[in-house]
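Asker: Got data02.tsv for you, TSV, C-alpha atoms:
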chain	number	residue	atom	x	y	z
A	1	MET	CA	0.00	0.00	0.00
A	2	THR	CA	1.45	3.33	-1.08
A	3	ALA	CA	1.58	6.42	1.11
A	4	GLN	CA	-1.13	8.03	-1.00
A	5	SER	CA	-3.46	5.02	-0.73
A	6	SER	CA	-2.78	4.83	3.01
A	7	ALA	CA	-3.81	8.47	3.40
A	8	ILE	CA	-7.01	7.83	1.42
A	9	ALA	CA	-7.76	4.79	3.55
A	10	ARG	CA	-7.36	6.80	6.76
A	11	LYS	CA	-9.63	9.56	5.44
A	12	SER	CA	-12.35	7.00	4.68
A	13	ILE	CA	-11.96	4.58	7.59
A	14	THR	CA	-12.00	7.28	10.27
A	15	PRO	CA	-15.38	8.82	9.34
A	16	GLY	CA	-16.75	5.36	8.55
A	17	ALA	CA	-15.75	4.10	11.99
A	18	ILE	CA	-17.32	7.17	13.63
A	19	GLY	CA	-20.55	6.42	11.79
A	20	VAL	CA	-20.54	2.78	12.90
A	21	LEU	CA	-19.87	3.81	16.50
A	22	ALA	CA	-22.86	6.15	16.39
A	23	PHE	CA	-25.10	3.56	14.70
A	24	SER	CA	-24.15	0.88	17.26
A	25	LEU	CA	-26.50	2.51	19.78
A	26	SER	CA	-29.42	2.71	17.33
A	27	LEU	CA	-31.02	-0.66	18.07
A	28	PRO	CA	-30.79	-0.34	21.88
A	29	ALA	CA	-32.14	3.22	21.64
A	30	THR	CA	-35.00	2.03	19.42
A	31	ARG	CA	-35.80	-0.79	21.82
A	32	VAL	CA	-35.98	1.66	24.72
A	33	ALA	CA	-38.06	4.16	22.74
A	34	VAL	CA	-40.70	1.71	21.47
A	35	HIS	CA	-41.20	0.33	24.98
A	36	ASP	CA	-43.40	3.38	25.69
A	37	LEU	CA	-43.86	5.10	22.34
A	38	ASP	CA	-45.73	3.90	19.26
A	39	PRO	CA	-43.28	2.35	16.76
A	40	TRP	CA	-44.76	4.37	13.89
A	41	PHE	CA	-44.27	7.56	15.87
A	42	VAL	CA	-40.67	6.55	16.66
A	43	ALA	CA	-39.94	5.72	13.02
A	44	PHE	CA	-41.42	8.82	11.42
A	45	GLY	CA	-41.22	11.30	14.27
A	46	ARG	CA	-37.46	11.03	14.43
A	47	ALA	CA	-37.30	11.60	10.67
A	48	VAL	CA	-39.36	14.78	11.02
A	49	GLY	CA	-37.17	16.02	13.87
A	50	ALA	CA	-34.03	15.25	11.90
A	51	ALA	CA	-35.50	17.01	8.85
A	52	LEU	CA	-35.89	20.20	10.90
A	53	LEU	CA	-32.21	19.95	11.84
A	54	ALA	CA	-31.37	19.31	8.18
A	55	TRP	CA	-33.38	22.35	7.04
A	56	ALA	CA	-31.49	24.54	9.52
A	57	TYR	CA	-28.14	23.15	8.38
A	58	LEU	CA	-28.86	23.48	4.67
A	59	THR	CA	-30.08	27.04	5.21
A	60	ILE	CA	-27.01	28.07	7.22
A	61	VAL	CA	-24.55	26.69	4.63
A	62	ALA	CA	-26.68	28.02	1.73
A	63	ALA	CA	-26.59	24.61	0.08
A	64	PRO	CA	-27.52	24.70	-3.63
A	65	ARG	CA	-30.58	22.69	-4.62
A	66	PRO	CA	-29.91	19.26	-6.11
A	67	THR	CA	-30.36	18.66	-9.82
A	68	ARG	CA	-33.34	16.74	-11.18
A	69	SER	CA	-31.26	13.58	-11.46
A	70	GLN	CA	-30.00	14.00	-7.90
A	71	TRP	CA	-33.56	14.45	-6.61
A	72	ARG	CA	-34.49	11.09	-8.12
A	73	ARG	CA	-31.55	9.41	-6.43
A	74	LEU	CA	-32.32	11.17	-3.14
A	75	THR	CA	-35.76	9.56	-3.27
A	76	ILE	CA	-34.06	6.16	-3.19
A	77	VAL	CA	-31.91	7.26	-0.25
A	78	ALA	CA	-35.00	8.48	1.60
A	79	LEU	CA	-36.86	5.24	0.92
A	80	GLY	CA	-33.99	3.22	2.37
A	81	VAL	CA	-32.60	5.08	5.37
A	82	VAL	CA	-35.24	7.70	6.24
A	83	VAL	CA	-38.41	5.59	5.90
A	84	GLY	CA	-37.65	1.90	5.40
A	85	PHE	CA	-34.99	1.08	7.97
A	86	PRO	CA	-36.45	3.14	10.86
A	87	LEU	CA	-39.98	1.82	10.26
A	88	PHE	CA	-39.17	-1.88	9.99
A	89	THR	CA	-36.69	-1.91	12.88
A	90	SER	CA	-39.19	-0.07	15.09
A	91	LEU	CA	-41.89	-2.62	14.25
A	92	ALA	CA	-39.50	-5.54	14.83
A	93	LEU	CA	-38.19	-4.31	18.16
A	94	THR	CA	-41.63	-4.08	19.70
A	95	THR	CA	-41.47	-7.87	20.07
A	96	GLN	CA	-37.76	-8.70	19.75
A	97	THR	CA	-34.64	-7.73	21.65
A	98	SER	CA	-31.97	-5.44	20.21
A	99	ALA	CA	-29.47	-8.31	20.56
A	100	HIS	CA	-31.61	-10.52	18.33
A	101	GLY	CA	-31.97	-7.63	15.91
A	102	ALA	CA	-28.19	-7.26	15.83
A	103	VAL	CA	-27.93	-10.82	14.50
A	104	VAL	CA	-30.16	-10.16	11.49
A	105	ILE	CA	-28.66	-6.71	10.89
A	106	THR	CA	-25.26	-8.41	10.63
A	107	VAL	CA	-26.00	-9.18	6.98
A	108	LEU	CA	-26.24	-5.44	6.23
A	109	PRO	CA	-22.56	-5.01	5.20
A	110	ALA	CA	-22.93	-7.83	2.67
A	111	MET	CA	-26.18	-6.33	1.38
A	112	THR	CA	-24.49	-2.93	1.10
A	113	ALA	CA	-21.70	-4.52	-0.93
A	114	VAL	CA	-24.23	-6.15	-3.27
A	115	PHE	CA	-25.96	-2.82	-3.90
A	116	ALA	CA	-22.55	-1.18	-4.34
A	117	VAL	CA	-22.10	-3.49	-7.31
A	118	LEU	CA	-25.63	-2.94	-8.65
A	119	ARG	CA	-26.02	0.81	-8.01
A	120	ALA	CA	-22.48	2.24	-7.83
A	121	GLY	CA	-20.66	0.01	-10.32
A	122	GLU	CA	-18.04	-1.21	-7.83
A	123	ARG	CA	-16.27	-4.49	-8.49
A	124	PRO	CA	-14.61	-5.87	-5.32
A	125	ARG	CA	-12.04	-8.64	-5.77
A	126	PRO	CA	-12.65	-12.26	-4.58
A	127	ARG	CA	-10.38	-11.68	-1.57
A	128	PHE	CA	-12.76	-8.99	-0.39
A	129	TRP	CA	-15.80	-11.27	-0.61
A	130	VAL	CA	-14.03	-14.08	1.24
A	131	ALA	CA	-13.04	-11.76	4.09
A	132	ALA	CA	-16.48	-10.14	4.20
A	133	LEU	CA	-18.25	-13.50	4.42
A	134	GLY	CA	-15.71	-14.64	7.01
A	135	GLY	CA	-16.48	-11.65	9.20
A	136	LEU	CA	-20.21	-12.20	8.76
A	137	ALA	CA	-19.87	-15.86	9.77
A	138	ALA	CA	-17.76	-14.93	12.82
A	139	VAL	CA	-20.32	-12.45	14.14
A	140	VAL	CA	-23.30	-14.75	13.56
A	141	ALA	CA	-21.49	-17.71	15.14
A	142	PHE	CA	-20.53	-15.68	18.20
A	143	LEU	CA	-24.00	-14.24	18.75
A	144	THR	CA	-25.56	-17.68	18.27
A	145	LEU	CA	-23.19	-19.55	20.58
A	146	SER	CA	-23.37	-16.83	23.22
A	147	GLY	CA	-27.13	-17.23	23.42
A	148	GLN	CA	-28.06	-13.92	21.82
A	149	VAL	CA	-30.27	-15.70	19.26
A	150	ARG	CA	-33.48	-16.91	20.84
A	151	GLY	CA	-36.63	-18.15	19.21
A	152	GLY	CA	-37.38	-19.07	15.64
A	153	PRO	CA	-38.01	-16.78	12.70
A	154	GLY	CA	-41.21	-14.78	12.80
A	155	ALA	CA	-42.74	-11.48	11.77
A	156	ALA	CA	-39.99	-9.55	13.55
A	157	ASP	CA	-37.34	-11.26	11.44
A	158	LEU	CA	-39.25	-10.47	8.26
A	159	PHE	CA	-39.39	-6.83	9.33
A	160	LEU	CA	-35.65	-6.87	10.02
A	161	LEU	CA	-34.94	-8.47	6.65
A	162	CYS	CA	-36.93	-5.71	4.91
A	163	ALA	CA	-34.99	-3.16	6.96
A	164	VAL	CA	-31.66	-4.68	5.88
A	165	ILE	CA	-32.55	-4.73	2.18
A	166	LEU	CA	-33.81	-1.15	2.13
A	167	CYS	CA	-30.95	0.13	4.28
A	168	GLY	CA	-28.33	-1.53	2.07
A	169	LEU	CA	-29.92	0.17	-0.93
A	170	GLY	CA	-30.01	3.53	0.88
A	171	TYR	CA	-26.39	3.22	1.98
A	172	ALA	CA	-25.13	2.36	-1.49
A	173	GLU	CA	-27.15	5.04	-3.28
A	174	GLY	CA	-26.31	7.64	-0.63
A	175	GLY	CA	-22.63	6.77	-0.63
A	176	ALA	CA	-22.45	7.16	-4.39
A	177	LEU	CA	-24.43	10.41	-4.31
A	178	ALA	CA	-22.23	11.79	-1.52
A	179	ARG	CA	-19.32	11.83	-3.96
A	180	ASP	CA	-21.05	14.85	-5.54
A	181	LEU	CA	-23.12	16.32	-2.71
A	182	GLY	CA	-21.10	15.36	0.36
A	183	GLY	CA	-22.41	13.31	3.26
A	184	ALA	CA	-24.18	16.11	5.13
A	185	ARG	CA	-26.11	17.44	2.15
A	186	THR	CA	-27.03	13.93	1.00
A	187	ILE	CA	-28.79	12.97	4.23
A	188	GLY	CA	-30.09	16.52	4.64
A	189	TRP	CA	-31.90	16.63	1.31
A	190	ALA	CA	-33.08	13.02	1.73
A	191	LEU	CA	-34.75	13.99	5.01
A	192	ILE	CA	-36.36	17.01	3.35
A	193	ILE	CA	-37.69	15.07	0.40
A	194	ALA	CA	-39.28	12.51	2.74
A	195	LEU	CA	-41.32	15.13	4.66
A	196	PRO	CA	-44.53	14.65	2.59
A	197	ALA	CA	-44.58	11.07	3.89
A	198	THR	CA	-43.06	11.45	7.37
A	199	VAL	CA	-45.12	14.42	8.59
A	200	PRO	CA	-48.59	12.91	7.95
A	201	ALA	CA	-47.47	9.54	9.35
A	202	THR	CA	-46.17	11.22	12.51
A	203	LEU	CA	-49.36	13.23	13.02
A	204	VAL	CA	-51.63	10.24	12.47
A	205	SER	CA	-49.63	8.00	14.80
A	206	ALA	CA	-49.62	10.72	17.49
A	207	TRP	CA	-53.38	11.18	17.11
A	208	LEU	CA	-54.15	7.45	17.31
A	209	ARG	CA	-51.80	6.90	20.25
A	210	PRO	CA	-50.83	10.14	21.98
A	211	PRO	CA	-47.16	9.92	23.00
A	212	HIS	CA	-46.80	9.51	26.75
A	213	ALA	CA	-43.45	8.20	27.89
A	214	GLY	CA	-40.82	8.45	30.56
A	215	ALA	CA	-37.39	10.04	30.39
A	216	ALA	CA	-35.72	6.85	29.13
A	217	ALA	CA	-38.00	6.51	26.09
A	218	TRP	CA	-37.68	10.18	25.18
A	219	SER	CA	-33.88	9.98	25.59
A	220	GLY	CA	-33.80	7.05	23.17
A	221	PHE	CA	-36.02	8.97	20.76
A	222	ALA	CA	-33.77	12.03	21.00
A	223	TYR	CA	-30.67	9.96	20.24
A	224	LEU	CA	-32.35	8.39	17.22
A	225	THR	CA	-33.40	11.83	15.96
A	226	VAL	CA	-30.20	13.81	16.44
A	227	VAL	CA	-27.51	11.15	16.02
A	228	SER	CA	-28.80	8.02	14.25
A	229	MET	CA	-30.99	9.89	11.77
A	230	PHE	CA	-28.80	12.94	11.16
A	231	LEU	CA	-25.29	13.49	12.51
A	232	ALA	CA	-24.06	9.91	12.09
A	233	PHE	CA	-24.72	10.10	8.34
A	234	PHE	CA	-22.36	13.06	8.00
A	235	ALA	CA	-19.46	10.76	8.81
A	236	TRP	CA	-20.89	7.55	7.36
A	237	TYR	CA	-21.66	8.83	3.87
A	238	ALA	CA	-18.37	10.71	3.78
A	239	GLY	CA	-16.52	7.47	4.51
A	240	LEU	CA	-18.48	5.52	1.89
A	241	ALA	CA	-17.88	8.20	-0.74
A	242	ARG	CA	-14.12	8.42	-0.11
A	243	GLY	CA	-13.16	4.80	0.44
A	244	GLY	CA	-15.64	2.81	-1.61
A	245	ILE	CA	-19.12	1.70	-0.56
A	246	ALA	CA	-18.45	-2.03	-0.46
A	247	LYS	CA	-15.13	-1.72	1.36
A	248	VAL	CA	-16.03	0.87	4.00
A	249	GLY	CA	-19.43	-0.76	4.44
A	250	GLN	CA	-17.70	-3.80	5.95
A	251	LEU	CA	-16.84	-1.71	9.00
A	252	GLN	CA	-20.39	-2.44	10.10
A	253	LEU	CA	-19.33	-6.00	10.90
A	254	ILE	CA	-18.03	-4.50	14.15
A	255	GLN	CA	-21.41	-3.00	14.98
A	256	PRO	CA	-23.05	-6.03	16.69
A	257	VAL	CA	-20.01	-6.46	18.92
A	258	LEU	CA	-20.13	-2.76	19.78
A	259	THR	CA	-23.83	-3.09	20.58
A	260	LEU	CA	-23.02	-5.84	23.09
A	261	ALA	CA	-20.24	-3.68	24.54
A	262	TRP	CA	-22.74	-0.86	25.07
A	263	SER	CA	-24.97	-3.35	26.85
A	264	ALA	CA	-22.11	-4.20	29.19
A	265	LEU	CA	-21.27	-0.55	29.88
A	266	LEU	CA	-24.79	0.80	30.18
A	267	LEU	CA	-26.71	-2.24	31.48
A	268	GLY	CA	-24.00	-4.04	33.44
A	269	GLU	CA	-24.03	-7.18	31.30
A	270	PRO	CA	-20.80	-9.26	31.45
A	271	VAL	CA	-18.27	-9.40	28.60
A	272	THR	CA	-17.01	-12.95	28.15
A	273	PRO	CA	-13.66	-14.12	26.74
A	274	ALA	CA	-15.63	-15.43	23.76
A	275	ALA	CA	-16.82	-11.90	23.06
A	276	ILE	CA	-13.27	-10.59	23.08
A	277	ALA	CA	-12.12	-13.42	20.78
A	278	ALA	CA	-15.00	-12.79	18.38
A	279	ALA	CA	-14.22	-9.08	18.33
A	280	LEU	CA	-10.58	-9.74	17.44
A	281	LEU	CA	-11.59	-12.17	14.69
A	282	VAL	CA	-14.04	-9.71	13.21
A	283	LEU	CA	-11.47	-6.92	13.33
A	284	SER	CA	-9.05	-9.18	11.45
A	285	CYS	CA	-11.63	-9.82	8.72
A	286	VAL	CA	-12.41	-6.11	8.48
A	287	ALA	CA	-8.69	-5.37	8.16
A	288	VAL	CA	-8.46	-7.78	5.22
A	289	THR	CA	-11.43	-6.13	3.45
A	290	GLN	CA	-9.82	-2.72	3.91
A	291	ARG	CA	-6.53	-3.92	2.40
A	292	ALA	CA	-8.15	-5.76	-0.50
A	293	ARG	CA	-7.63	-3.91	-3.75
A	294	ASP	CA	-10.66	-2.76	-5.69
Could I get this structure in the form of structure tokens?

Answerer:
Amino acid sequence: MTAQSSAIARKSITPGAIGVLAFSLSLPATRVAVHDLDPWFVAFGRAVGAALLAWAYLTIVAAPRPTRSQWRRLTIVALGVVVGFPLFTSLALTTQTSAHGAVVITVLPAMTAVFAVLRAGERPRPRFWVAALGGLAAVVAFLTLSGQVRGGPGAADLFLLCAVILCGLGYAEGGALARDLGGARTIGWALIIALPATVPATLVSAWLRPPHAGAAAWSGFAYLTVVSMFLAFFAWYAGLARGGIAKVGQLQLIQPVLTLAWSALLLGEPVTPAAIAAALLVLSCVAVTQRARD
């Protein structure tokens, strides 16, 4: 690896890793929020709140309006990461744990890589796919053997599968679009374009089930609104745009392990030697994907 390629890798891995770190709290925060709040309100209300932040940001920086072609692509981004993923994960986590959700979400990096091929024209080498599948297998095996997978497939798993497919599409399309717009403007305009759908859905859900919740649920909702739905994408899309969608997307293999680490820090759950071993194995696989040539 040349000095120039090493510098490019650092500029993409760093924001990508920041995005993954921020996203690693999304499922626990969603689980806490939907315990008291309606899942439809959580899914769409956070998008409306994030859209208000996006409007303020785009106004302050005097961002130029996207072109007609970019608007069409932003619609795909909005469908995937503004509407699809929040809605289906919120519905799933009303009956499933965030740990179980982390197992299904583990396939997201592979799905992102597939859409990187279909939507962004990337062509990863066989070494990349071997390492990516190895990391996926390591995470699933660890979570299964550690008892994080409980119960058979059901409606929640179908919701999570829909979330993964739509999110992978939104990540790939957004990462490619961020090469022209930048990460902040990509998620900002995607949130704005989704308002005709998210505002009515939020109002209807609030009318049918008025939101009454404690501090914990509102704190989870606030995190999802400010970080998961807005700020995290600044770094995440920037990393995807700079380093390649398929390659940087594999950083998400670390996310389930990080989610368990948050559980240990915030909920007092123990971290076993198996967890540490799995984390090291996953990090090794991620390192291979980052060194694999395009």

Asker: One decimal, Å: what's the distance from atom CA of A:Gly243 over to atom CA of A:Thr259, could you say?

Answerer: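 Here the two named atoms are 24.1 Å from each other.
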
Asker: Excluding A:Trp218 and any residue of its chain fewer than 4 positions from it, enumerate the residues within 12 Å of it, using all atoms listed in the file, and give them as a VMD selection string.

Answerer: chain A and resid 29 to 38 41 to 42 45 to 46 211 to 214 222 to 225

Asker: Do you know which residues are at most 10 Å from A:Leu160 counting all atoms listed in the file, after dropping those on the same chain fewer than 5 positions away, and could you put them as a short mmCIF file (atom, residue, chain, number, x, y, z; two decimals) with C-alpha atoms, keeping the file's coordinate frame?

Answerer:
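Final output, saved to part17.cif:
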data_model
loop_
_atom_site.label_atom_id
_atom_site.label_comp_id
_atom_site.auth_asym_id
_atom_site.auth_seq_id
_atom_site.Cartn_x
_atom_site.Cartn_y
_atom_site.Cartn_z
CA PHE A 85 -34.99 1.08 7.97
CA LEU A 87 -39.98 1.82 10.26
CA PHE A 88 -39.17 -1.88 9.99
CA THR A 89 -36.69 -1.91 12.88
CA SER A 90 -39.19 -0.07 15.09
CA LEU A 91 -41.89 -2.62 14.25
CA ALA A 92 -39.50 -5.54 14.83
CA LEU A 93 -38.19 -4.31 18.16
CA HIS A 100 -31.61 -10.52 18.33
CA GLY A 101 -31.97 -7.63 15.91
CA ALA A 102 -28.19 -7.26 15.83
CA VAL A 103 -27.93 -10.82 14.50
CA VAL A 104 -30.16 -10.16 11.49
CA ILE A 105 -28.66 -6.71 10.89
CA ALA A 155 -42.74 -11.48 11.77
CA ILE A 165 -32.55 -4.73 2.18
CA LEU A 166 -33.81 -1.15 2.13
#

Asker: Identify which of the residues A:Trp236, A:Ala113, A:Arg123, A:Gln96 lies closest to A:Pro28, counting only C-alpha atoms when measuring atom-to-atom distances.

Answerer: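 When distances to A:Pro28 are compared using only C-alpha atoms, the smallest one comes from A:Gln96.
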
Asker: In Å, rounded to a single decimal, give me how far atom CA of A:Leu265 is from atom CA of A:Cys162.

Answerer: 29.9 Å

Asker: Calculated over all atoms listed in the file, which of the candidates A:Ala51, A:Ala56, A:Thr112, A:Ser98 has the smallest distance to A:Ala156?

Answerer: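 Of all the options, A:Ser98 lies closest to A:Ala156.
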
Asker: Could you work out an axis-aligned bounding box for all listed atoms of stretch 197-206 of chain A, with 6 Å added on each of the six sides, and give its centre and edge lengths in Å to one decimal, as JSON?

Answerer:
{"center_x": -47.3, "center_y": 11.2, "center_z": 10.7, "size_x": 20.6, "size_y": 18.4, "size_z": 25.6}

Asker: Counting all atoms listed in the file, which of A:Leu118, A:Leu158, A:Ile60, A:Leu177 gets nearest to A:Leu240?

Answerer: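 The closest residue to A:Leu240 is A:Leu177.
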
Asker: A:Ala241, A:Leu251, A:Val114, A:Val164: which is nearest A:Gly80, counting all atoms listed in the file?

Answerer: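 Checking each of A:Ala241, A:Leu251, A:Val114, A:Val164 against A:Gly80, counting all atoms listed in the file, the winner is A:Val164.
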
Asker: For atom CA of A:Ala22 and atom CA of A:Val226, determine how far apart the two atoms are, in Å to one decimal place.

Answerer: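 Taking atom CA of A:Ala22 as the start and atom CA of A:Val226 as the end point, the length is 10.6 Å.
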
Asker: Tell me which protein, DNA and RNA residues are within 12 Å of A:Ser12, counting all atoms listed in the file, leaving out same-chain ones fewer than 6 positions away, and put them as number ranges by chain.

Answerer: A: 5-6, 18-19, 175, 183, 235-245, 247-249, 251, 290

Asker: Would you kindly place N, CA and C atoms on stretch 31-61 of chain A and return the model as an mmCIF file, in the frame of the given file?

Answerer:
data_model
loop_
_atom_site.group_PDB
_atom_site.id
_atom_site.type_symbol
_atom_site.label_atom_id
_atom_site.label_comp_id
_atom_site.auth_asym_id
_atom_site.auth_seq_id
_atom_site.Cartn_x
_atom_site.Cartn_y
_atom_site.Cartn_z
ATOM 1 N N ARG A 31 -35.128 0.127 20.891
ATOM 2 C CA ARG A 31 -35.800 -0.790 21.820
ATOM 3 C C ARG A 31 -36.333 -0.048 23.029
ATOM 4 N N VAL A 32 -35.548 0.877 23.566
ATOM 5 C CA VAL A 32 -35.980 1.660 24.720
ATOM 6 C C VAL A 32 -37.134 2.587 24.338
ATOM 7 N N ALA A 33 -37.044 3.196 23.160
ATOM 8 C CA ALA A 33 -38.060 4.160 22.740
ATOM 9 C C ALA A 33 -39.420 3.491 22.507
ATOM 10 N N VAL A 34 -39.425 2.343 21.797
ATOM 11 C CA VAL A 34 -40.700 1.710 21.470
ATOM 12 C C VAL A 34 -41.318 0.990 22.652
ATOM 13 N N HIS A 35 -40.602 0.919 23.771
ATOM 14 C CA HIS A 35 -41.200 0.330 24.980
ATOM 15 C C HIS A 35 -42.388 1.155 25.441
ATOM 16 N N ASP A 36 -42.320 2.486 25.274
ATOM 17 C CA ASP A 36 -43.400 3.380 25.690
ATOM 18 C C ASP A 36 -44.066 4.103 24.530
ATOM 19 N N LEU A 37 -43.343 4.309 23.448
ATOM 20 C CA LEU A 37 -43.860 5.100 22.340
ATOM 21 C C LEU A 37 -44.295 4.187 21.190
ATOM 22 N N ASP A 38 -45.263 4.650 20.417
ATOM 23 C CA ASP A 38 -45.730 3.900 19.260
ATOM 24 C C ASP A 38 -44.605 3.756 18.240
ATOM 25 N N PRO A 39 -44.395 2.543 17.697
ATOM 26 C CA PRO A 39 -43.280 2.350 16.760
ATOM 27 C C PRO A 39 -43.385 3.212 15.510
ATOM 28 N N TRP A 40 -44.606 3.503 15.058
ATOM 29 C CA TRP A 40 -44.760 4.370 13.890
ATOM 30 C C TRP A 40 -44.348 5.792 14.224
ATOM 31 N N PHE A 41 -44.684 6.230 15.442
ATOM 32 C CA PHE A 41 -44.270 7.560 15.870
ATOM 33 C C PHE A 41 -42.746 7.632 15.987
ATOM 34 N N VAL A 42 -42.122 6.581 16.524
ATOM 35 C CA VAL A 42 -40.670 6.550 16.660
ATOM 36 C C VAL A 42 -40.004 6.599 15.287
ATOM 37 N N ALA A 43 -40.544 5.808 14.353
ATOM 38 C CA ALA A 43 -39.940 5.720 13.020
ATOM 39 C C ALA A 43 -40.029 7.033 12.260
ATOM 40 N N PHE A 44 -41.214 7.624 12.240
ATOM 41 C CA PHE A 44 -41.420 8.820 11.420
ATOM 42 C C PHE A 44 -41.185 10.111 12.178
ATOM 43 N N GLY A 45 -41.452 10.095 13.481
ATOM 44 C CA GLY A 45 -41.220 11.300 14.270
ATOM 45 C C GLY A 45 -39.760 11.684 14.316
ATOM 46 N N ARG A 46 -38.888 10.697 14.417
ATOM 47 C CA ARG A 46 -37.460 11.030 14.430
ATOM 48 C C ARG A 46 -37.008 11.561 13.084
ATOM 49 N N ALA A 47 -37.647 11.090 11.995
ATOM 50 C CA ALA A 47 -37.300 11.600 10.670
ATOM 51 C C ALA A 47 -37.735 13.049 10.518
ATOM 52 N N VAL A 48 -38.905 13.399 11.089
ATOM 53 C CA VAL A 48 -39.360 14.780 11.020
ATOM 54 C C VAL A 48 -38.445 15.682 11.836
ATOM 55 N N GLY A 49 -38.083 15.238 13.045
ATOM 56 C CA GLY A 49 -37.170 16.020 13.870
ATOM 57 C C GLY A 49 -35.825 16.219 13.197
ATOM 58 N N ALA A 50 -35.307 15.140 12.598
ATOM 59 C CA ALA A 50 -34.030 15.250 11.900
ATOM 60 C C ALA A 50 -34.139 16.143 10.676
ATOM 61 N N ALA A 51 -35.303 16.145 10.025
ATOM 62 C CA ALA A 51 -35.500 17.010 8.850
ATOM 63 C C ALA A 51 -35.455 18.483 9.249
ATOM 64 N N LEU A 52 -35.969 18.818 10.426
ATOM 65 C CA LEU A 52 -35.890 20.200 10.900
ATOM 66 C C LEU A 52 -34.436 20.609 11.119
ATOM 67 N N LEU A 53 -33.645 19.689 11.681
ATOM 68 C CA LEU A 53 -32.210 19.950 11.840
ATOM 69 C C LEU A 53 -31.546 20.103 10.469
ATOM 70 N N ALA A 54 -31.948 19.249 9.527
ATOM 71 C CA ALA A 54 -31.370 19.310 8.180
ATOM 72 C C ALA A 54 -31.719 20.628 7.498
ATOM 73 N N TRP A 55 -32.977 21.077 7.646
ATOM 74 C CA TRP A 55 -33.380 22.350 7.040
ATOM 75 C C TRP A 55 -32.535 23.495 7.594
ATOM 76 N N ALA A 56 -32.304 23.491 8.914
ATOM 77 C CA ALA A 56 -31.490 24.540 9.520
ATOM 78 C C ALA A 56 -30.067 24.490 8.984
ATOM 79 N N TYR A 57 -29.518 23.287 8.884
ATOM 80 C CA TYR A 57 -28.140 23.150 8.380
ATOM 81 C C TYR A 57 -28.026 23.608 6.933
ATOM 82 N N LEU A 58 -28.923 23.134 6.092
ATOM 83 C CA LEU A 58 -28.860 23.480 4.670
ATOM 84 C C LEU A 58 -29.061 24.977 4.455
ATOM 85 N N THR A 59 -29.867 25.599 5.305
ATOM 86 C CA THR A 59 -30.080 27.040 5.210
ATOM 87 C C THR A 59 -28.830 27.812 5.621
ATOM 88 N N ILE A 60 -28.200 27.380 6.710
ATOM 89 C CA ILE A 60 -27.010 28.070 7.220
ATOM 90 C C ILE A 60 -25.867 28.016 6.216
ATOM 91 N N VAL A 61 -25.676 26.843 5.573
ATOM 92 C CA VAL A 61 -24.550 26.690 4.630
ATOM 93 C C VAL A 61 -24.935 27.127 3.221
#
